[in-house]
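Trainee: My file is start11.cif. It has mmCIF, C-alpha atoms and all ligand atoms:
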```
data_run
#
loop_
_atom_site.label_atom_id
_atom_site.label_comp_id
_atom_site.auth_asym_id
_atom_site.auth_seq_id
_atom_site.Cartn_x
_atom_site.Cartn_y
_atom_site.Cartn_z
CA MET U 1 -59.46 -41.11 -35.62
CA ALA U 2 -59.78 -44.26 -37.77
CA SER U 3 -59.54 -43.64 -41.51
CA LEU U 4 -62.18 -44.78 -44.00
CA GLU U 5 -59.90 -47.65 -45.10
CA GLU U 6 -59.51 -48.81 -41.49
CA LEU U 7 -63.25 -48.61 -40.89
CA TRP U 8 -63.99 -50.56 -44.06
CA GLY U 9 -61.34 -53.12 -43.06
CA LYS U 10 -63.09 -53.72 -39.72
CA LEU U 11 -66.50 -54.08 -41.33
CA SER U 12 -65.53 -56.22 -44.29
CA GLY U 13 -63.29 -58.40 -42.10
CA SER U 14 -66.01 -59.23 -39.56
CA SER U 15 -67.85 -62.51 -39.90
CA ASP U 16 -70.54 -62.18 -37.24
CA CYS U 17 -71.76 -58.61 -37.85
CA LYS U 18 -75.50 -58.61 -38.60
CA SER U 19 -76.09 -54.90 -39.21
CA LEU U 20 -77.92 -53.49 -42.20
CA LEU U 21 -74.71 -51.60 -43.02
CA LYS U 22 -72.75 -54.84 -43.31
CA LYS U 23 -75.51 -56.36 -45.43
CA HIS U 24 -75.82 -53.47 -47.88
CA LEU U 25 -72.38 -51.84 -48.10
CA THR U 26 -71.00 -54.21 -50.72
CA LYS U 27 -67.47 -53.86 -52.06
CA GLU U 28 -68.88 -52.35 -55.28
CA ARG U 29 -70.89 -49.76 -53.37
CA TYR U 30 -67.94 -48.95 -51.12
CA GLU U 31 -65.70 -48.35 -54.15
CA ALA U 32 -68.32 -46.16 -55.83
CA LEU U 33 -68.91 -44.01 -52.74
CA LYS U 34 -65.57 -43.82 -50.96
CA ASP U 35 -64.38 -40.54 -52.54
CA LYS U 36 -67.71 -38.68 -52.52
CA LYS U 37 -68.42 -35.60 -50.42
CA THR U 38 -71.51 -33.54 -49.69
CA LYS U 39 -71.60 -29.77 -49.88
CA PHE U 40 -71.45 -29.70 -46.06
CA GLY U 41 -68.16 -31.65 -46.37
CA GLY U 42 -69.77 -34.93 -45.22
CA THR U 43 -68.04 -38.21 -46.11
CA LEU U 44 -68.74 -41.92 -46.18
CA ALA U 45 -66.46 -42.35 -43.15
CA GLU U 46 -68.77 -40.11 -41.11
CA CYS U 47 -71.80 -42.14 -42.17
CA ILE U 48 -70.35 -45.56 -41.32
CA ARG U 49 -67.96 -44.85 -38.40
CA SER U 50 -70.45 -45.91 -35.70
CA GLY U 51 -71.42 -49.14 -37.45
CA CYS U 52 -67.79 -50.11 -38.12
CA LEU U 53 -66.64 -49.40 -34.56
CA ASN U 54 -69.77 -51.07 -33.10
CA LEU U 55 -70.19 -54.27 -35.05
CA ASP U 56 -73.19 -55.19 -32.89
CA SER U 57 -75.18 -52.29 -34.42
CA GLY U 58 -78.61 -53.09 -35.77
CA VAL U 59 -78.56 -50.41 -38.46
CA GLY U 60 -74.93 -49.22 -38.42
CA ILE U 61 -75.19 -46.18 -40.69
CA TYR U 62 -76.15 -42.54 -40.19
CA ALA U 63 -76.46 -39.71 -42.74
CA CYS U 64 -73.68 -37.14 -42.30
CA ASP U 65 -76.10 -34.37 -43.28
CA PRO U 66 -79.36 -33.94 -45.24
CA GLU U 67 -77.46 -34.06 -48.55
CA GLY U 68 -75.91 -37.37 -47.50
CA TYR U 69 -79.24 -39.01 -48.33
CA THR U 70 -78.61 -38.06 -51.99
CA VAL U 71 -74.82 -38.43 -52.25
CA PHE U 72 -74.74 -41.78 -50.42
CA ALA U 73 -78.17 -42.92 -51.65
CA ASP U 74 -76.73 -46.07 -53.15
CA VAL U 75 -76.20 -47.62 -49.71
CA LEU U 76 -78.64 -45.55 -47.64
CA ASP U 77 -81.65 -46.33 -49.86
CA ALA U 78 -81.00 -50.07 -49.52
CA VAL U 79 -80.76 -49.75 -45.72
CA ILE U 80 -83.92 -47.62 -45.57
CA LYS U 81 -85.97 -50.10 -47.62
CA ASP U 82 -84.77 -53.00 -45.52
CA TYR U 83 -85.35 -51.31 -42.13
CA HIS U 84 -88.80 -49.89 -42.93
CA LYS U 85 -89.86 -52.95 -44.97
CA VAL U 86 -90.82 -51.03 -48.11
CA GLU U 87 -90.08 -51.84 -51.75
CA LYS U 88 -90.24 -48.28 -53.01
CA LEU U 89 -89.24 -44.98 -51.48
CA ASP U 90 -92.56 -43.23 -52.00
CA HIS U 91 -93.30 -41.91 -48.54
CA PRO U 92 -96.74 -40.19 -48.43
CA GLU U 93 -97.37 -36.57 -47.54
CA PRO U 94 -97.87 -35.96 -43.80
CA ASP U 95 -101.33 -36.93 -42.55
CA MET U 96 -102.10 -36.73 -38.85
CA GLY U 97 -105.68 -38.00 -39.27
CA ASP U 98 -108.89 -36.32 -38.12
CA LEU U 99 -108.21 -35.48 -34.48
CA ASP U 100 -111.94 -35.24 -33.74
CA LYS U 101 -112.52 -38.79 -34.98
CA LEU U 102 -109.58 -40.77 -33.65
CA ASP U 103 -110.62 -44.38 -33.26
CA PHE U 104 -108.45 -44.97 -30.22
CA GLY U 105 -108.46 -43.52 -26.73
CA ASP U 106 -106.97 -45.00 -23.58
CA LEU U 107 -105.28 -48.33 -24.45
CA ASP U 108 -105.48 -49.57 -20.84
CA PRO U 109 -108.39 -48.04 -18.90
CA SER U 110 -107.67 -50.48 -16.01
CA GLY U 111 -104.30 -48.78 -15.49
CA ASP U 112 -102.83 -52.15 -14.55
CA TYR U 113 -100.48 -52.63 -17.48
CA ILE U 114 -99.47 -49.37 -19.17
CA VAL U 115 -97.20 -47.24 -17.02
CA SER U 116 -96.84 -44.34 -19.47
CA THR U 117 -97.31 -43.31 -23.08
CA ARG U 118 -95.05 -41.18 -25.25
CA VAL U 119 -95.14 -40.05 -28.88
CA ARG U 120 -92.24 -38.17 -30.44
CA VAL U 121 -91.18 -36.86 -33.82
CA GLY U 122 -87.72 -35.83 -34.96
CA ARG U 123 -87.10 -32.73 -37.07
CA SER U 124 -83.96 -31.32 -38.73
CA HIS U 125 -83.33 -27.72 -39.73
CA ASP U 126 -82.68 -27.91 -43.46
CA SER U 127 -79.92 -25.31 -43.40
CA TYR U 128 -77.66 -27.24 -41.00
CA GLY U 129 -75.71 -30.48 -41.25
CA PHE U 130 -76.07 -33.44 -38.88
CA PRO U 131 -73.75 -33.97 -35.87
CA PRO U 132 -70.57 -35.19 -37.63
CA VAL U 133 -70.28 -32.05 -39.77
CA LEU U 134 -71.65 -29.46 -37.31
CA THR U 135 -69.38 -26.94 -35.64
CA LYS U 136 -69.90 -25.71 -32.09
CA GLN U 137 -70.86 -22.25 -33.42
CA GLU U 138 -73.47 -23.76 -35.73
CA ARG U 139 -74.95 -25.77 -32.85
CA LEU U 140 -75.19 -22.64 -30.73
CA LYS U 141 -76.77 -20.67 -33.56
CA MET U 142 -79.25 -23.48 -34.15
CA GLU U 143 -80.13 -23.45 -30.45
CA GLU U 144 -80.87 -19.71 -30.71
CA ASP U 145 -83.10 -20.19 -33.80
CA THR U 146 -84.96 -22.95 -31.99
CA LYS U 147 -85.44 -20.97 -28.78
CA ALA U 148 -87.00 -18.16 -30.80
CA ALA U 149 -89.56 -20.63 -32.17
CA PHE U 150 -90.44 -21.78 -28.63
CA GLU U 151 -91.87 -18.30 -28.03
CA LYS U 152 -94.78 -19.36 -30.27
CA PHE U 153 -95.93 -22.03 -27.85
CA SER U 154 -98.96 -20.80 -25.93
CA GLY U 155 -101.75 -22.20 -23.73
CA GLU U 156 -101.13 -25.83 -22.79
CA LEU U 157 -97.82 -25.85 -24.68
CA ALA U 158 -96.28 -22.75 -23.11
CA GLY U 159 -93.15 -23.32 -21.06
CA LYS U 160 -89.46 -22.68 -20.59
CA TYR U 161 -86.15 -23.74 -22.15
CA PHE U 162 -83.35 -25.17 -19.98
CA PRO U 163 -79.87 -25.39 -21.56
CA LEU U 164 -77.77 -28.35 -20.42
CA GLU U 165 -74.82 -26.05 -19.98
CA GLY U 166 -75.00 -24.88 -16.38
CA MET U 167 -77.66 -27.38 -15.32
CA SER U 168 -76.68 -29.20 -12.09
CA LYS U 169 -75.70 -32.90 -12.27
CA GLU U 170 -78.47 -33.72 -9.74
CA ASP U 171 -81.15 -32.07 -11.89
CA GLN U 172 -79.87 -33.89 -14.97
CA LYS U 173 -79.85 -37.23 -13.16
CA GLN U 174 -83.37 -36.78 -11.78
CA MET U 175 -84.79 -35.71 -15.14
CA THR U 176 -83.12 -38.65 -16.86
CA GLU U 177 -84.48 -41.13 -14.30
CA ASP U 178 -87.92 -39.61 -14.81
CA HIS U 179 -87.52 -40.39 -18.55
CA PHE U 180 -87.57 -36.71 -19.52
CA LEU U 181 -83.96 -35.93 -20.35
CA PHE U 182 -81.31 -37.52 -22.57
CA LYS U 183 -77.69 -38.16 -21.64
CA ASP U 184 -74.37 -38.81 -23.35
CA ASP U 185 -73.87 -42.51 -22.72
CA ASP U 186 -74.87 -44.22 -25.98
CA ARG U 187 -71.69 -45.58 -27.60
CA PHE U 188 -73.43 -45.90 -31.00
CA LEU U 189 -74.38 -42.24 -31.01
CA ARG U 190 -71.03 -41.17 -29.55
CA ASP U 191 -69.08 -42.87 -32.35
CA ALA U 192 -71.40 -41.26 -34.88
CA GLY U 193 -70.34 -37.82 -33.61
CA GLY U 194 -73.56 -37.26 -31.68
CA TYR U 195 -71.78 -35.95 -28.58
CA ASN U 196 -69.26 -33.67 -30.30
CA ASP U 197 -68.75 -30.47 -28.27
CA TRP U 198 -71.01 -31.88 -25.55
CA CYS U 199 -72.99 -30.22 -24.01
CA SER U 200 -73.02 -26.88 -25.78
CA GLY U 201 -76.08 -26.13 -27.84
CA ARG U 202 -78.08 -28.88 -26.10
CA GLY U 203 -81.10 -28.42 -23.88
CA ILE U 204 -84.69 -29.23 -23.08
CA PHE U 205 -87.93 -27.26 -23.28
CA PHE U 206 -90.78 -28.14 -20.89
CA ASN U 207 -94.37 -26.96 -20.84
CA THR U 208 -95.79 -26.14 -17.43
CA ALA U 209 -97.53 -29.51 -16.96
CA LYS U 210 -94.35 -31.36 -18.03
CA ASN U 211 -96.28 -33.42 -20.54
CA PHE U 212 -94.83 -31.75 -23.63
CA LEU U 213 -91.11 -31.31 -24.16
CA VAL U 214 -88.57 -30.64 -26.86
CA TRP U 215 -85.04 -32.02 -26.96
CA VAL U 216 -82.57 -29.70 -28.66
CA ASN U 217 -79.51 -31.22 -30.32
CA GLU U 218 -79.68 -34.69 -28.88
CA GLU U 219 -79.47 -37.15 -31.81
CA ASP U 220 -81.60 -34.92 -34.02
CA HIS U 221 -81.73 -31.13 -34.13
CA LEU U 222 -85.18 -31.36 -32.57
CA ARG U 223 -87.30 -34.03 -30.94
CA LEU U 224 -90.85 -32.95 -30.12
CA ILE U 225 -92.20 -35.18 -27.37
CA SER U 226 -95.62 -35.59 -25.78
CA MET U 227 -95.85 -37.96 -22.81
CA GLN U 228 -97.86 -38.71 -19.71
CA LYS U 229 -98.56 -41.46 -17.18
CA GLY U 230 -101.11 -44.13 -18.13
CA GLY U 231 -102.35 -45.29 -21.52
CA ASP U 232 -104.28 -42.33 -22.97
CA LEU U 233 -102.74 -42.43 -26.43
CA ALA U 234 -105.34 -40.06 -27.90
CA ALA U 235 -104.50 -37.25 -25.44
CA VAL U 236 -100.76 -37.73 -25.98
CA TYR U 237 -101.06 -37.81 -29.78
CA LYS U 238 -103.37 -34.76 -30.00
CA ARG U 239 -100.96 -32.70 -27.90
CA LEU U 240 -98.07 -33.67 -30.14
CA VAL U 241 -99.95 -32.80 -33.32
CA MET U 242 -100.79 -29.38 -31.85
CA ALA U 243 -97.07 -28.85 -31.16
CA ILE U 244 -96.00 -29.97 -34.64
CA LYS U 245 -98.47 -27.53 -36.18
CA THR U 246 -97.17 -24.68 -33.99
CA MET U 247 -93.53 -25.45 -34.85
CA THR U 248 -94.32 -25.67 -38.55
CA ALA U 249 -96.08 -22.30 -38.44
CA SER U 250 -93.20 -20.70 -36.52
CA GLY U 251 -91.15 -20.01 -39.65
CA LEU U 252 -88.57 -22.76 -39.16
CA SER U 253 -87.85 -24.81 -42.27
CA PHE U 254 -87.38 -28.54 -41.79
CA ALA U 255 -85.40 -30.92 -44.02
CA LYS U 256 -87.71 -33.05 -46.18
CA ARG U 257 -87.28 -35.06 -49.41
CA GLN U 258 -89.75 -36.34 -51.95
CA GLY U 259 -90.25 -40.03 -51.21
CA LEU U 260 -88.29 -39.95 -47.93
CA GLY U 261 -90.37 -37.55 -45.84
CA TYR U 262 -88.67 -35.75 -42.95
CA LEU U 263 -84.92 -36.34 -42.85
CA THR U 264 -83.23 -37.39 -39.63
CA PHE U 265 -79.68 -38.30 -38.62
CA CYS U 266 -80.45 -42.04 -38.40
CA PRO U 267 -82.17 -43.62 -41.43
CA SER U 268 -84.35 -45.66 -39.06
CA ASN U 269 -86.15 -42.47 -38.10
CA LEU U 270 -86.90 -40.70 -41.36
CA GLY U 271 -90.30 -40.47 -43.02
CA THR U 272 -92.75 -39.56 -40.30
CA ALA U 273 -89.85 -39.54 -37.78
CA LEU U 274 -92.55 -40.67 -35.37
CA ARG U 275 -92.12 -43.19 -32.57
CA ALA U 276 -95.18 -43.91 -30.42
CA SER U 277 -94.41 -45.99 -27.36
CA VAL U 278 -95.85 -47.34 -24.16
CA HIS U 279 -93.98 -48.55 -21.12
CA MET U 280 -96.01 -51.67 -20.45
CA LYS U 281 -95.87 -54.54 -17.97
CA VAL U 282 -95.57 -57.73 -20.02
CA PRO U 283 -93.56 -60.12 -17.81
CA ASN U 284 -95.36 -63.24 -19.06
CA LEU U 285 -95.27 -62.37 -22.74
CA ALA U 286 -91.62 -61.36 -22.49
CA ALA U 287 -90.77 -64.75 -20.99
CA GLN U 288 -92.12 -66.56 -24.05
CA PRO U 289 -89.54 -67.86 -26.52
CA ASP U 290 -91.48 -66.25 -29.37
CA PHE U 291 -91.67 -62.74 -27.80
CA LYS U 292 -89.55 -61.18 -30.56
CA GLU U 293 -91.43 -63.00 -33.35
CA PHE U 294 -94.73 -61.93 -31.80
CA CYS U 295 -93.61 -58.27 -31.80
CA ASP U 296 -92.17 -58.56 -35.33
CA LYS U 297 -95.52 -59.78 -36.62
CA TYR U 298 -97.06 -56.46 -35.57
CA HIS U 299 -94.00 -54.36 -36.58
CA ILE U 300 -93.43 -53.60 -32.91
CA GLN U 301 -89.99 -52.95 -31.48
CA ALA U 302 -89.36 -53.86 -27.81
CA ARG U 303 -86.76 -51.79 -25.95
CA GLY U 304 -85.66 -51.55 -22.32
CA ILE U 305 -87.19 -48.72 -20.30
CA HIS U 306 -84.19 -46.40 -20.15
CA GLY U 307 -83.98 -45.96 -23.89
CA GLU U 308 -82.65 -47.87 -26.82
CA HIS U 309 -79.99 -50.49 -26.05
CA THR U 310 -81.08 -50.71 -22.39
CA GLU U 311 -82.68 -53.64 -20.53
CA SER U 312 -86.19 -54.16 -19.21
CA VAL U 313 -86.77 -53.55 -15.50
CA GLY U 314 -89.37 -55.71 -13.72
CA GLY U 315 -90.98 -57.01 -16.89
CA VAL U 316 -91.75 -53.49 -18.16
CA TYR U 317 -90.89 -52.94 -21.84
CA ASP U 318 -90.93 -49.98 -24.18
CA LEU U 319 -93.15 -51.15 -27.07
CA SER U 320 -93.30 -48.91 -30.15
CA ASN U 321 -93.89 -48.82 -33.90
CA LYS U 322 -90.71 -49.97 -35.61
CA ARG U 323 -91.52 -48.48 -39.03
CA ARG U 324 -91.63 -44.73 -39.57
CA LEU U 325 -91.44 -44.54 -43.36
CA GLY U 326 -93.95 -45.57 -46.03
CA LEU U 327 -96.95 -44.81 -43.86
CA THR U 328 -98.58 -41.63 -42.56
CA GLU U 329 -98.27 -40.33 -39.01
CA TYR U 330 -101.78 -41.54 -38.28
CA GLU U 331 -101.03 -44.99 -39.70
CA ALA U 332 -97.80 -45.23 -37.69
CA VAL U 333 -99.71 -44.54 -34.47
CA GLN U 334 -102.39 -47.06 -35.52
CA GLU U 335 -99.69 -49.65 -36.16
CA MET U 336 -98.36 -49.13 -32.63
CA ARG U 337 -101.89 -49.23 -31.19
CA ARG U 338 -102.75 -52.55 -32.88
CA GLY U 339 -99.45 -54.07 -31.73
CA VAL U 340 -99.83 -52.86 -28.16
CA GLU U 341 -103.43 -54.16 -28.01
CA ALA U 342 -102.24 -57.54 -29.26
CA CYS U 343 -99.43 -57.64 -26.67
CA LEU U 344 -101.88 -56.68 -23.93
CA ALA U 345 -104.38 -59.38 -24.95
CA ARG U 346 -101.64 -62.06 -25.04
CA GLU U 347 -100.24 -60.93 -21.68
CA LYS U 348 -103.72 -61.28 -20.13
CA GLU U 349 -104.11 -64.78 -21.61
CA LEU U 350 -100.74 -65.87 -20.23
CA ALA U 351 -101.21 -64.42 -16.72
P1 LIG L 401 -86.37 -42.07 -28.71
O1 LIG L 401 -85.59 -42.59 -29.85
O2 LIG L 401 -87.82 -42.11 -29.01
O3 LIG L 401 -85.93 -40.76 -28.17
P2 LIG L 401 -85.14 -43.71 -26.58
O4 LIG L 401 -85.30 -45.20 -26.62
O5 LIG L 401 -83.80 -43.13 -26.81
O6 LIG L 401 -86.22 -43.16 -27.57
O7 LIG L 401 -85.71 -43.21 -25.21
C1 LIG L 401 -85.61 -41.86 -24.82
C2 LIG L 401 -86.20 -41.64 -23.44
O8 LIG L 401 -87.61 -41.70 -23.51
C3 LIG L 401 -85.79 -42.69 -22.41
O9 LIG L 401 -85.54 -42.05 -21.19
C4 LIG L 401 -87.01 -43.56 -22.30
O10 LIG L 401 -87.12 -44.16 -21.04
C5 LIG L 401 -88.11 -42.54 -22.50
N1 LIG L 401 -89.36 -43.16 -22.97
C6 LIG L 401 -89.61 -43.74 -24.15
N2 LIG L 401 -90.87 -44.19 -24.22
C7 LIG L 401 -91.45 -43.88 -23.04
C8 LIG L 401 -92.75 -44.08 -22.47
N3 LIG L 401 -93.73 -44.68 -23.16
N4 LIG L 401 -92.95 -43.63 -21.23
C9 LIG L 401 -91.99 -43.00 -20.52
N5 LIG L 401 -90.76 -42.78 -20.98
C10 LIG L 401 -90.48 -43.21 -22.23
C1 LIG L 402 -77.67 -49.18 -34.28
O1 LIG L 402 -77.39 -49.31 -35.47
O2 LIG L 402 -77.96 -50.11 -33.54
C2 LIG L 402 -77.63 -47.78 -33.70
N1 LIG L 402 -76.94 -46.91 -34.60
C3 LIG L 402 -79.05 -47.26 -33.44
C4 LIG L 402 -79.96 -47.35 -34.61
C5 LIG L 402 -81.34 -46.81 -34.35
N2 LIG L 402 -82.16 -47.88 -34.04
C6 LIG L 402 -83.42 -48.12 -34.28
O3 LIG L 402 -83.80 -49.29 -34.27
N3 LIG L 402 -84.26 -47.11 -34.47
#
```
How would this structure read if it were set down as structure tokens?
Ligand code: ADP
Ligand code: CIR
Mentor:
Amino acid sequence: MASLEELWGKLSGSSDCKSLLKKHLTKERYEALKDKKTKFGGTLAECIRSGCLNLDSGVGIYACDPEGYTVFADVLDAVIKDYHKVEKLDHPEPDMGDLDKLDFGDLDPSGDYIVSTRVRVGRSHDSYGFPPVLTKQERLKMEEDTKAAFEKFSGELAGKYFPLEGMSKEDQKQMTEDHFLFKDDDRFLRDAGGYNDWCSGRGIFFNTAKNFLVWVNEEDHLRLISMQKGGDLAAVYKRLVMAIKTMTASGLSFAKRQGLGYLTFCPSNLGTALRASVHMKVPNLAAQPDFKEFCDKYHIQARGIHGEHTESVGGVYDLSNKRRLGLTEYEAVQEMRRGVEACLAREKELA
């Protein structure tokens, strides 16, 4: 495995790397941080390995564990401010809004444009490290703790947990194609240690209607996901909030920091850790030379439809809120809603 010096050599020697890691890990910061260690044993090498081996990264840095956000704050804080476009790290307390007075509903009642809607949050157990410092035993123990909390899901949220270990390849493939399940093919995450000891300790929980699910030990310890066909953002969001409340009341303790909100493996996700997305048909908008600028104006990120770093299929894009920190959960969803409405209006004009 490449040493810290080798990793730094690759990064500092590259001339066309545009990642936030390259921008913010100056020589001075590198020198100040290179010998530091967290109490989980996390190092700078573990934080920057993915970004140094994948010079086409957008962000390029992960936190080795929750404490990494303090020990390596010098570089991580700069990356966080840049990614989330905030000047200060003063993330507000969680606020999901008044669910009885949401001022959005179905974003596409015609059903002609939005294929599906999904809102997810990431959560990390505060007593465990992140993937690079986790052992197989810890992952398995974490899976057990998490399964116990699933017992609290009732009514609409009640369901069953399926470990990846022992699941047939056909089932995995089908669930991945249906956009439910994750897989181990992201080179950025792999180099960050995200697939260590694959696939033990990983799995997926489904409710009966298959519109609420939880990923266990994918990139984050937990990803709570609400999704369904069509554009009914209000129904998807309300279901997710219900699940967050149940998980929070289940006795699990999640990693959180004053000013940073909920901590996640990737600094792009912390704060609310919320990504609200639609899969939407925007072939005309996407063909415009200013598609990216248009999305940027609304803080919208466009991804392909099989997850980050994938391509669009048939003019359908995954459009979501890019920022997750410095705004409340409700504001993050509103930001996505405004952006999606603007994209929809422009697509209609261009058709
Ligand atoms: P995240 O970081 O939110 O987990 P990814 O880009 O890695 O997102 O995507 C994870 C999975 O979720 C992929 O299979 C992707 O196709 C699916 N997905 C994301 N948004 C939607 C959506 N609005 N409708 C259906 N599937 C979605
Ligand atoms: C990268 O730096 O490109 C990968 N490590 C993925 C970062 C997460 N991306 C994002 O925009 N949320």
Trainee: To one decimal place, how far is atom N2 of ligand LIG 401 (chain L) from CA of Met247 (chain U) in Å?
Mentor: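 Spanning atom N2 of ligand LIG 401 (chain L) to CA of Met247 (chain U) is a straight-line distance of 21.7 Å.
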Trainee: Pick out the residues no farther than 9 Å from ligand LIG 401 (chain L), counting all atoms listed in the file, and list them as a VMD selection string.
Mentor: chain U and resid 114 to 122 175 to 183 215 218 to 219 223 225 227 to 231 269 274 to 280 303 to 310 317 to 320
Trainee: Please identify the residues whose atoms come within 6 Å of ligand LIG 402 (chain L), using all atoms listed in the file, and report them as a PDB file with C-alpha atoms, keeping the file's coordinate frame.
Mentor:
```
ATOM      1  CA  SER U  57     -75.180 -52.290 -34.420  1.00  0.00           C
ATOM      2  CA  GLY U  58     -78.610 -53.090 -35.770  1.00  0.00           C
ATOM      3  CA  VAL U  59     -78.560 -50.410 -38.460  1.00  0.00           C
ATOM      4  CA  GLY U  60     -74.930 -49.220 -38.420  1.00  0.00           C
ATOM      5  CA  PHE U 188     -73.430 -45.900 -31.000  1.00  0.00           C
ATOM      6  CA  SER U 268     -84.350 -45.660 -39.060  1.00  0.00           C
TER       7      SER U 268
END
```
Trainee: When you draw a straight line from CA of Ile300 (chain U) to CA of Lys322 (chain U), how long is it in Å?
Mentor: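 Rounded to one decimal, the two atoms are 5.3 Å apart.
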Trainee: Please compute the CA of His221 (chain U)-CA of Leu164 (chain U) distance, one decimal, in Å.
Mentor: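 Between CA of His221 (chain U) and CA of Leu164 (chain U) the gap works out to 14.5 Å.
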Trainee: Pick the closest to Thr135 (chain U) from U:Leu107, U:Met1, U:Ala73, U:Gly201: which is it, counting all atoms listed in the file?
Mentor: U:Gly201
Trainee: Considering all atoms listed in the file, tabulate each residue of region 86-130 of chain U that lies at most 9 Å from region 325-332 of chain U along with its nearest interatomic pair and the corresponding distance in Å to one decimal; arrange the rows by chain and ascending residue number and present them as a Markdown table.
Mentor:
```
| residue | atom | partner | partner_atom | distance |
| --- | --- | --- | --- | --- |
| U:Val86 | CA | U:Gly326 | CA | 6.6 |
| U:Lys88 | CA | U:Gly326 | CA | 8.4 |
| U:Leu89 | CA | U:Gly326 | CA | 7.2 |
| U:Asp90 | CA | U:Gly326 | CA | 6.6 |
| U:His91 | CA | U:Gly326 | CA | 4.5 |
| U:Pro92 | CA | U:Thr328 | CA | 6.3 |
| U:Glu93 | CA | U:Thr328 | CA | 7.2 |
| U:Pro94 | CA | U:Thr328 | CA | 5.8 |
| U:Asp95 | CA | U:Thr328 | CA | 5.4 |
| U:Met96 | CA | U:Tyr330 | CA | 4.9 |
| U:Gly97 | CA | U:Tyr330 | CA | 5.4 |
| U:Asp98 | CA | U:Tyr330 | CA | 8.8 |
```
Trainee: Find the residue from U:Leu157, U:Leu260, U:Ala2, U:Ala302 that sits nearest to Lys245 (chain U); use all atoms listed in the file when measuring.
Mentor: U:Leu157
Trainee: I need the residue nearest Thr246 (chain U) from this list: U:Gly194, U:Gly155, U:Gly271, U:Gly203. Use only C-alpha atoms for the distance.
Mentor: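 For Thr246 (chain U), the nearest of the candidates is U:Gly155.
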Trainee: Nearest to Lys141 (chain U) among U:Gln174, U:Tyr195, U:Glu156, U:Val216, with distances taken over all atoms listed in the file: which residue is it?
Mentor: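 Smallest separation from Lys141 (chain U) among the options: U:Val216.
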Trainee: Applying 12 Å and only C-alpha atoms, which residues near Phe162 (chain U) remain after dropping the ones on its own chain fewer than 3 positions away? List them as a list in words.
Mentor: Glu143, Lys147, Phe150, Gly159, Glu165, Gly166, Met167, Ser168, Asp171, Gln172, Met175, Leu181, Ser200, Gly201, Arg202, Gly203, Ile204, Phe205, Phe206, Asn207, Leu213, Val214, Trp215 and Val216 of chain U
Trainee: For Val282 (chain U), which residue among U:Asp112, U:Asp197, U:Asp186, U:Asp232 is the nearest when counting only C-alpha atoms?
Mentor: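 Ranked by minimum distance to Val282 (chain U), first place goes to U:Asp112.
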Trainee: Compute the distance from (-68.2, -42.0, -33.6) to each atom, counting only C-alpha atoms, keep the residues with any atom at most 6 Å away, and return them as a PyMOL selection string; use the coordinates of the file.
Mentor: chain U and resi 49-50+190-193
Trainee: Quick one: of U:Arg323, U:Gly51, U:Leu134, U:Asp77, who's nearest to Arg29 (chain U), counting only C-alpha atoms?
Mentor: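 Nearest to Arg29 (chain U): U:Asp77.
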